[in-house]
Amino acid sequence: MDLSVAVGAAQLPNPVGVASGTFGYGSEYEKLVNLQKVGALFTKAVTLEPRPGNDIPRIIETPSGLINSIGLANVGVDRFVKEKIPFLSQLPCAIIPNVAGSSEADYLKVVATLEHIDDIWGYEINLSCPNVQCGGMAIGTDPAQVEHLTAKLRAITPKPVIVKLTPNVTDIAVIAKAAERGGADAVSCINTLVGMVIDIHKKRPVIASGTGGLSGPAIRPVGVAMTYRTSQAIDIPVIGIGGIMTAEDAIQYFLAGASAIQVGTGTFVDPGCIESILAGIIDYCEKENLHSISDFGKIAIT
Ligand SMILES: Cc1cc2nc3c(=O)[nH]c(=O)nc-3n(C[C@H](O)[C@H](O)[C@H](O)COP(=O)(O)O)c2cc1C
């Protein structure tokens with residue numbers, strides 16, 4: 001069966017990706033996951049300058065999920081190129097840096113710096129981080145800014161541009177359409193939902209920065225509903241994310257209109273789930289007589 005997924009003029013080797021911020025820069029999982037089975041590796045966010053991230057505690061487990069407020073801790077684009085690209089370049093999967101910034105200029109400079117690296121397949125533009133003061137979600141909740149920044153990025157790279165959407169909006173379709181108008185090749189749907197846990201004895205939030213982003217199975221029904229809403233609204237591919245732990249979860253996303261998926265928190269629980277999810281998708285396709293991932297379109301709910 002044909003596992004490839006078309007995004008713009010390029011193709012992902014298979015539809016199972018690993019989500020940004022949950023898979024480091026790949027090498028961290030080398031001994032735990034058969035990296036040959038990963039379709040796309042979305043790196044930890046890459047910013048212009050290195051960032052230490054937010055104060056701790058910045059992660060806490062919640063029922064069926066977790067809340068994080070890492071605050072885009074990362075090595076910065078120059079060290080990313082020097083220290084992380086050599087390992088990533090050896091992998092057969094699509095290497096997709098998750099690009100973040102505090103301003104439009106930041107995003108453009110990071111992409112311009114990475115543009116000469118042939119092994120980079122494309123970019124995921126993180127317009128949806130709930131854990132930073134400026135940039136991120138502040139841009140990603142405003143359709144005019146989403147369209148403007150996407151168009152600027154479109155002008156400086158022929159590689160796929162994937163805009164990562166925040167669920168923390170009234171109507172995600174409005175933002176998805178803005179990304180499409182700006183020239184995005186696909187959207188990733190969804191980033192985390194803003195959440196808070198309060199320590200009732202200390203009478204303050206557990207997470208140092210107050211709120212964080214909720215991920216894991218708790219958000220799966222939200223991710224599936226938003227993938228459905230988004231895929232009905234736009235013609236470019238939707239990459240479904242949120243709470244995927246099993247092949248059955250992934251298939252819900254395909255039936256909601258996703259062309260590919262990403263697994264995030266699921267790999268914290270069971271790094272081997274990447275392989276079993278891919279195997280389960282193939283099994284399902286064989287039983288349903290689907291010969292390619294794009295055939296899901298024929299049976300997607302309407
Ligand atoms: C610890 C942690 C760090 C994350 N860091 C990023 C990030 O740097 N950039 C980004 O776009 N998303 C980031 N995310 C969001 C995930 O990529 C994903 O969209 C979200 O967790 C929902 O998927 P999941 O339920 O499978 O984890 C992070 C999530 C977690 C749990």
# chains A, B, ... in the order shown; residues from 1 in each chain; ligands from 1

$ residues_around --residues "Glu30 of chain A" --least-positions-apart "4" --cutoff "12 Å" --atoms "only C-alpha atoms" --output "compact mmCIF listing (two decimals) with N, CA, C and O atoms, in the first residue's frame"
# COMPACT_ATOMS: atom_id res chain seq x y z
N PHE A 23 9.66 15.16 21.38
CA PHE A 23 10.59 14.20 20.77
C PHE A 23 11.98 14.81 20.65
O PHE A 23 12.82 14.32 19.89
N GLY A 24 12.22 15.89 21.39
CA GLY A 24 13.52 16.56 21.37
C GLY A 24 13.97 16.86 19.96
O GLY A 24 13.21 17.39 19.14
N TYR A 25 15.24 16.49 19.70
CA TYR A 25 15.80 16.65 18.36
C TYR A 25 16.06 15.26 17.76
O TYR A 25 16.98 15.09 16.95
N GLY A 26 15.32 14.27 18.20
CA GLY A 26 15.41 12.93 17.61
C GLY A 26 16.37 12.01 18.32
O GLY A 26 16.01 10.90 18.69
N ASN A 34 12.21 2.90 16.81
CA ASN A 34 12.78 2.61 15.50
C ASN A 34 12.53 3.83 14.61
O ASN A 34 11.43 3.99 14.06
N LEU A 35 13.54 4.68 14.51
CA LEU A 35 13.35 5.95 13.82
C LEU A 35 13.07 5.77 12.32
O LEU A 35 12.61 6.70 11.65
N GLN A 36 13.35 4.56 11.82
CA GLN A 36 13.04 4.27 10.41
C GLN A 36 11.52 4.30 10.15
O GLN A 36 11.08 4.44 9.02
N LYS A 37 10.73 4.11 11.22
CA LYS A 37 9.27 4.03 11.06
C LYS A 37 8.58 5.38 11.17
O LYS A 37 7.38 5.50 10.94
N VAL A 38 9.35 6.40 11.58
CA VAL A 38 8.75 7.72 11.77
C VAL A 38 8.59 8.39 10.39
O VAL A 38 9.53 8.42 9.60
N PHE A 87 22.86 14.87 13.14
CA PHE A 87 22.14 13.63 13.47
C PHE A 87 20.85 13.52 12.65
O PHE A 87 20.56 12.48 12.04
N LEU A 88 20.10 14.60 12.63
CA LEU A 88 18.80 14.57 11.94
C LEU A 88 18.96 14.24 10.45
O LEU A 88 18.12 13.54 9.87
N GLN A 90 20.78 12.17 9.00
CA GLN A 90 20.94 10.75 8.67
C GLN A 90 19.61 10.00 8.61
O GLN A 90 19.56 8.84 8.22
N LEU A 91 18.53 10.63 9.10
CA LEU A 91 17.26 9.91 9.23
C LEU A 91 16.49 9.89 7.91
O LEU A 91 16.56 10.85 7.13
N PRO A 271 6.99 4.85 24.07
CA PRO A 271 7.69 5.26 22.84
C PRO A 271 7.42 4.31 21.68
O PRO A 271 7.44 4.73 20.52
N GLY A 272 7.13 3.03 22.00
CA GLY A 272 6.86 2.05 20.94
C GLY A 272 5.55 2.27 20.22
O GLY A 272 5.26 1.62 19.22

$ closest_atom_pairs --of "chain A" --to "ligand 1" --cutoff "6 Å" --atoms "only C-alpha atoms and all ligand atoms" --output "Markdown table"
| residue | atom | partner | partner_atom_place_in_ligand_line | distance |
| --- | --- | --- | --- | --- |
| A:Ala19 | CA | ligand 1 | 17 (O) | 4.2 |
| A:Ser20 | CA | ligand 1 | 17 (O) | 3.9 |
| A:Gly21 | CA | ligand 1 | 5 (N) | 3.3 |
| A:Thr22 | CA | ligand 1 | 2 (C) | 5.2 |
| A:Lys44 | CA | ligand 1 | 8 (O) | 4.6 |
| A:Ala45 | CA | ligand 1 | 8 (O) | 3.9 |
| A:Asn68 | CA | ligand 1 | 1 (C) | 5.4 |
| A:Leu72 | CA | ligand 1 | 8 (O) | 5.2 |
| A:Asn126 | CA | ligand 1 | 11 (O) | 4.7 |
| A:Ile190 | CA | ligand 1 | 19 (O) | 5.4 |
| A:Asn191 | CA | ligand 1 | 19 (O) | 3.5 |
| A:Thr192 | CA | ligand 1 | 20 (C) | 4.9 |
| A:Ser215 | CA | ligand 1 | 25 (O) | 3.9 |
| A:Gly216 | CA | ligand 1 | 25 (O) | 3.5 |
| A:Ile241 | CA | ligand 1 | 23 (O) | 5.0 |
| A:Gly242 | CA | ligand 1 | 25 (O) | 3.6 |
| A:Gly243 | CA | ligand 1 | 25 (O) | 3.6 |
| A:Ile244 | CA | ligand 1 | 26 (O) | 5.3 |
| A:Val263 | CA | ligand 1 | 26 (O) | 4.5 |
| A:Gly264 | CA | ligand 1 | 26 (O) | 3.4 |
| A:Thr265 | CA | ligand 1 | 27 (O) | 3.6 |
| A:Gly266 | CA | ligand 1 | 26 (O) | 5.8 |

$ write_last_selection --atoms "all heavy atoms" --output "CSV table (one decimal), in the first residue's frame"
chain,number,residue,atom,x,y,z
A,19,ALA,N,5.3,14.7,17.4
A,19,ALA,CA,5.0,16.2,17.6
A,19,ALA,C,6.1,17.0,18.3
A,19,ALA,O,6.8,16.5,19.1
A,19,ALA,CB,3.7,16.2,18.5
A,20,SER,N,6.1,18.2,17.9
A,20,SER,CA,7.1,19.1,18.4
A,20,SER,C,7.1,19.2,19.9
A,20,SER,O,6.0,19.3,20.5
A,20,SER,CB,6.9,20.5,17.8
A,20,SER,OG,7.8,21.5,18.4
A,21,GLY,N,8.3,19.2,20.5
A,21,GLY,CA,8.4,19.4,21.9
A,21,GLY,C,8.3,18.2,22.7
A,21,GLY,O,8.6,18.2,23.9
A,22,THR,N,8.0,17.1,22.1
A,22,THR,CA,7.8,15.8,22.8
A,22,THR,C,8.8,14.8,22.3
A,22,THR,O,8.8,13.6,22.8
A,22,THR,CB,6.4,15.3,22.6
A,22,THR,OG1,6.2,14.9,21.2
A,22,THR,CG2,5.3,16.2,23.0
A,44,LYS,N,11.7,20.1,18.4
A,44,LYS,CA,11.4,21.1,19.4
A,44,LYS,C,11.5,22.4,18.7
A,44,LYS,O,12.2,22.6,17.8
A,44,LYS,CB,12.5,21.0,20.6
A,44,LYS,CG,12.3,22.0,21.6
A,44,LYS,CD,11.0,21.9,22.4
A,44,LYS,CE,10.7,23.1,23.3
A,44,LYS,NZ,9.3,23.2,23.7
A,45,ALA,N,10.7,23.4,19.2
A,45,ALA,CA,10.7,24.7,18.7
A,45,ALA,C,12.1,25.3,18.5
A,45,ALA,O,12.9,25.1,19.4
A,45,ALA,CB,9.9,25.7,19.5
A,68,ASN,N,1.9,21.5,30.4
A,68,ASN,CA,3.3,21.9,30.4
A,68,ASN,C,3.3,23.4,30.1
A,68,ASN,O,2.5,24.0,29.5
A,68,ASN,CB,4.1,21.2,29.3
A,68,ASN,CG,4.0,21.9,27.9
A,68,ASN,OD1,4.7,22.8,27.7
A,68,ASN,ND2,3.1,21.4,27.1
A,72,LEU,N,9.2,27.2,25.4
A,72,LEU,CA,10.1,27.2,24.2
A,72,LEU,C,11.6,27.1,24.5
A,72,LEU,O,12.4,27.7,23.8
A,72,LEU,CB,9.8,28.4,23.2
A,72,LEU,CG,8.3,28.6,22.8
A,72,LEU,CD1,8.2,29.8,21.8
A,72,LEU,CD2,7.8,27.3,22.0
A,126,ASN,N,5.1,27.6,14.3
A,126,ASN,CA,4.4,27.5,15.6
A,126,ASN,C,3.8,28.9,15.9
A,126,ASN,O,4.4,29.8,16.5
A,126,ASN,CB,5.4,27.1,16.7
A,126,ASN,CG,4.7,27.0,18.1
A,126,ASN,OD1,3.5,27.3,18.2
A,126,ASN,ND2,5.5,26.6,19.1
A,190,ILE,N,-4.0,20.0,16.5
A,190,ILE,CA,-4.0,21.3,17.3
A,190,ILE,C,-2.7,21.3,18.2
A,190,ILE,O,-2.2,20.3,18.5
A,190,ILE,CB,-5.2,21.4,18.2
A,190,ILE,CG1,-5.4,20.2,19.1
A,190,ILE,CG2,-6.5,21.8,17.4
A,190,ILE,CD1,-6.5,20.3,20.1
A,191,ASN,N,-2.4,22.5,18.7
A,191,ASN,CA,-1.5,22.7,19.8
A,191,ASN,C,-2.3,22.5,21.1
A,191,ASN,O,-3.4,22.1,21.1
A,191,ASN,CB,-0.8,24.1,19.7
A,191,ASN,CG,0.5,24.1,20.4
A,191,ASN,OD1,0.7,23.5,21.5
A,191,ASN,ND2,1.5,24.7,19.7
A,192,THR,N,-1.7,22.8,22.2
A,192,THR,CA,-2.3,22.5,23.5
A,192,THR,C,-3.4,23.5,23.9
A,192,THR,O,-3.4,24.6,23.4
A,192,THR,CB,-1.2,22.5,24.6
A,192,THR,OG1,-0.5,23.7,24.5
A,192,THR,CG2,-0.3,21.4,24.5
A,215,SER,N,-2.3,18.6,27.2
A,215,SER,CA,-2.1,17.7,26.1
A,215,SER,C,-2.5,16.3,26.5
A,215,SER,O,-2.8,16.1,27.7
A,215,SER,CB,-0.7,17.7,25.6
A,215,SER,OG,0.2,17.2,26.6
A,216,GLY,N,-2.5,15.3,25.6
A,216,GLY,CA,-2.8,14.0,26.0
A,216,GLY,C,-4.2,13.6,25.7
A,216,GLY,O,-5.0,14.4,25.1
A,241,ILE,N,-3.5,16.4,15.4
A,241,ILE,CA,-2.7,16.1,16.6
A,241,ILE,C,-3.6,16.3,17.8
A,241,ILE,O,-4.5,17.2,17.8
A,241,ILE,CB,-1.6,17.2,16.8
A,241,ILE,CG1,-1.0,17.7,15.5
A,241,ILE,CG2,-0.5,16.7,17.8
A,241,ILE,CD1,0.0,18.8,15.6
A,242,GLY,N,-3.3,15.5,18.8
A,242,GLY,CA,-4.0,15.7,20.1
A,242,GLY,C,-4.4,14.3,20.7
A,242,GLY,O,-5.4,13.7,20.2
A,243,GLY,N,-3.7,13.9,21.7
A,243,GLY,CA,-4.1,12.7,22.4
A,243,GLY,C,-4.1,11.4,21.7
A,243,GLY,O,-4.7,10.4,22.1
A,244,ILE,N,-3.3,11.3,20.6
A,244,ILE,CA,-3.2,10.0,19.9
A,244,ILE,C,-2.3,9.1,20.6
A,244,ILE,O,-1.1,9.4,20.8
A,244,ILE,CB,-2.8,10.3,18.4
A,244,ILE,CG1,-3.8,11.1,17.7
A,244,ILE,CG2,-2.6,8.9,17.7
A,244,ILE,CD1,-3.4,11.5,16.3
A,263,VAL,N,2.1,12.3,16.9
A,263,VAL,CA,1.9,11.7,18.2
A,263,VAL,C,2.8,12.5,19.2
A,263,VAL,O,4.0,12.7,18.9
A,263,VAL,CB,2.3,10.2,18.3
A,263,VAL,CG1,2.1,9.7,19.7
A,263,VAL,CG2,1.5,9.5,17.2
A,264,GLY,N,2.3,13.0,20.3
A,264,GLY,CA,3.1,13.8,21.2
A,264,GLY,C,3.2,13.1,22.5
A,264,GLY,O,4.1,12.2,22.8
A,265,THR,N,2.3,13.5,23.5
A,265,THR,CA,2.3,12.9,24.8
A,265,THR,C,2.3,11.4,24.8
A,265,THR,O,2.9,10.8,25.7
A,265,THR,CB,1.1,13.5,25.6
A,265,THR,OG1,1.2,14.9,25.5
A,265,THR,CG2,1.1,13.1,27.0
A,266,GLY,N,1.7,10.8,23.8
A,266,GLY,CA,1.7,9.3,23.7
A,266,GLY,C,3.1,8.7,23.8
A,266,GLY,O,3.2,7.6,24.4

$ residues_around --residues "Tyr107 of chain A" --least-positions-apart "5" --cutoff "9 Å" --atoms "only C-alpha atoms" --output "VMD selection string"
chain A and resid 47 to 48 99 to 102 112 125 149 153

$ closest_residue --among "A:Ile56, A:Ala300, A:Leu127, A:Leu278" --to "Glu104 of chain A" --atoms "only C-alpha atoms"
A:Leu127

$ select_by_dssp --residues "segment 11-240 of chain A" --states "strand (DSSP E)" --output "MDAnalysis selection string"
chainID A and resid 11:12 16:18 40:46 59:62 65:68 94:99 123:126 161:164 186:189 193:195 198:199 204:205 212:215 238:240

$ atom_distance --atom1 "atom CA of Cys189 of chain A" --atom2 "atom CA of Gly210 of chain A"
24.3 Å

$ residues_around --residues "Glu83 of chain A" --least-positions-apart "6" --cutoff "12 Å" --atoms "only C-alpha atoms" --output "ChimeraX atom specification"
/A:25-27,75-77,89

$ closest_residue --among "A:Met137, A:Ile274, A:Val132, A:Ile156" --to "Lys109 of chain A" --atoms "only C-alpha atoms"
A:Ile156

$ residues_around --residues "Pro97 of chain A" --least-positions-apart "4" --cutoff "6 Å" --atoms "only C-alpha atoms" --output "PyMOL selection string"
chain A and resi 42-43+123

$ select_by_dssp --residues "segment 60-196 of chain A" --states "alpha helix (DSSP H)" --output "PyMOL selection string"
chain A and resi 76-79+85-88+104-114+137-140+143-156+172-182

$ closest_residue --among "A:Val238, A:Glu49, A:Ala176, A:Ile251" --to "Asp106 of chain A" --atoms "only C-alpha atoms"
A:Glu49

$ closest_residue --among "A:Ser276, A:Ser231, A:Thr246, A:Asn289" --to "Ile301 of chain A" --atoms "only C-alpha atoms"
A:Ser231

$ residues_around --residues "Ile60 of chain A" --least-positions-apart "4" --cutoff "8 Å" --atoms "only C-alpha atoms" --output "VMD selection string"
chain A and resid 66 to 68 206 to 207

$ write_last_selection --atoms "all heavy atoms" --output "PDB file, in the first residue's frame"
ATOM      1  N   LEU A  66      -1.470  15.962  30.496  1.00  0.00           N
ATOM      2  CA  LEU A  66      -0.499  16.725  31.288  1.00  0.00           C
ATOM      3  C   LEU A  66      -0.554  18.178  30.850  1.00  0.00           C
ATOM      4  O   LEU A  66      -1.009  18.507  29.742  1.00  0.00           O
ATOM      5  CB  LEU A  66       0.896  16.127  31.178  1.00  0.00           C
ATOM      6  CG  LEU A  66       1.646  16.089  29.861  1.00  0.00           C
ATOM      7  CD1 LEU A  66       2.374  17.388  29.581  1.00  0.00           C
ATOM      8  CD2 LEU A  66       2.695  14.976  29.935  1.00  0.00           C
ATOM      9  N   ILE A  67      -0.096  19.033  31.779  1.00  0.00           N
ATOM     10  CA  ILE A  67      -0.007  20.460  31.469  1.00  0.00           C
ATOM     11  C   ILE A  67       1.463  20.828  31.457  1.00  0.00           C
ATOM     12  O   ILE A  67       2.207  20.438  32.362  1.00  0.00           O
ATOM     13  CB  ILE A  67      -0.772  21.296  32.516  1.00  0.00           C
ATOM     14  CG1 ILE A  67      -2.278  21.063  32.363  1.00  0.00           C
ATOM     15  CG2 ILE A  67      -0.438  22.778  32.386  1.00  0.00           C
ATOM     16  CD1 ILE A  67      -3.151  21.912  33.271  1.00  0.00           C
ATOM     17  N   ASN A  68       1.895  21.498  30.390  1.00  0.00           N
ATOM     18  CA  ASN A  68       3.282  21.943  30.356  1.00  0.00           C
ATOM     19  C   ASN A  68       3.339  23.445  30.105  1.00  0.00           C
ATOM     20  O   ASN A  68       2.465  24.020  29.452  1.00  0.00           O
ATOM     21  CB  ASN A  68       4.078  21.179  29.274  1.00  0.00           C
ATOM     22  CG  ASN A  68       4.014  21.866  27.925  1.00  0.00           C
ATOM     23  OD1 ASN A  68       4.743  22.815  27.654  1.00  0.00           O
ATOM     24  ND2 ASN A  68       3.103  21.411  27.067  1.00  0.00           N
ATOM     25  N   VAL A 206       0.030  25.298  40.465  1.00  0.00           N
ATOM     26  CA  VAL A 206       1.165  24.372  40.572  1.00  0.00           C
ATOM     27  C   VAL A 206       2.267  24.764  39.592  1.00  0.00           C
ATOM     28  O   VAL A 206       3.450  24.738  39.914  1.00  0.00           O
ATOM     29  CB  VAL A 206       0.691  22.922  40.299  1.00  0.00           C
ATOM     30  CG1 VAL A 206       1.873  21.967  40.247  1.00  0.00           C
ATOM     31  CG2 VAL A 206      -0.309  22.496  41.371  1.00  0.00           C
ATOM     32  N   ILE A 207       1.863  25.123  38.380  1.00  0.00           N
ATOM     33  CA  ILE A 207       2.824  25.527  37.346  1.00  0.00           C
ATOM     34  C   ILE A 207       3.323  26.941  37.678  1.00  0.00           C
ATOM     35  O   ILE A 207       2.503  27.831  37.944  1.00  0.00           O
ATOM     36  CB  ILE A 207       2.124  25.511  35.950  1.00  0.00           C
ATOM     37  CG1 ILE A 207       1.706  24.093  35.556  1.00  0.00           C
ATOM     38  CG2 ILE A 207       2.959  26.183  34.877  1.00  0.00           C
ATOM     39  CD1 ILE A 207       2.756  23.240  34.925  1.00  0.00           C
TER      40      ILE A 207
END

$ residues_around --residues "Asp55 of chain A" --least-positions-apart "4" --cutoff "10 Å" --atoms "only C-alpha atoms" --output "MDAnalysis selection string"
chainID A and resid 69:71 207:209

$ closest_residue --among "A:Val187, A:Val197, A:Ile299, A:Ala250" --to "Pro217 of chain A" --atoms "only C-alpha atoms"
A:Ala250

$ closest_residue --among "A:Met1, A:Cys273, A:Asp78, A:Pro167" --to "Ala247 of chain A" --atoms "only C-alpha atoms"
A:Cys273
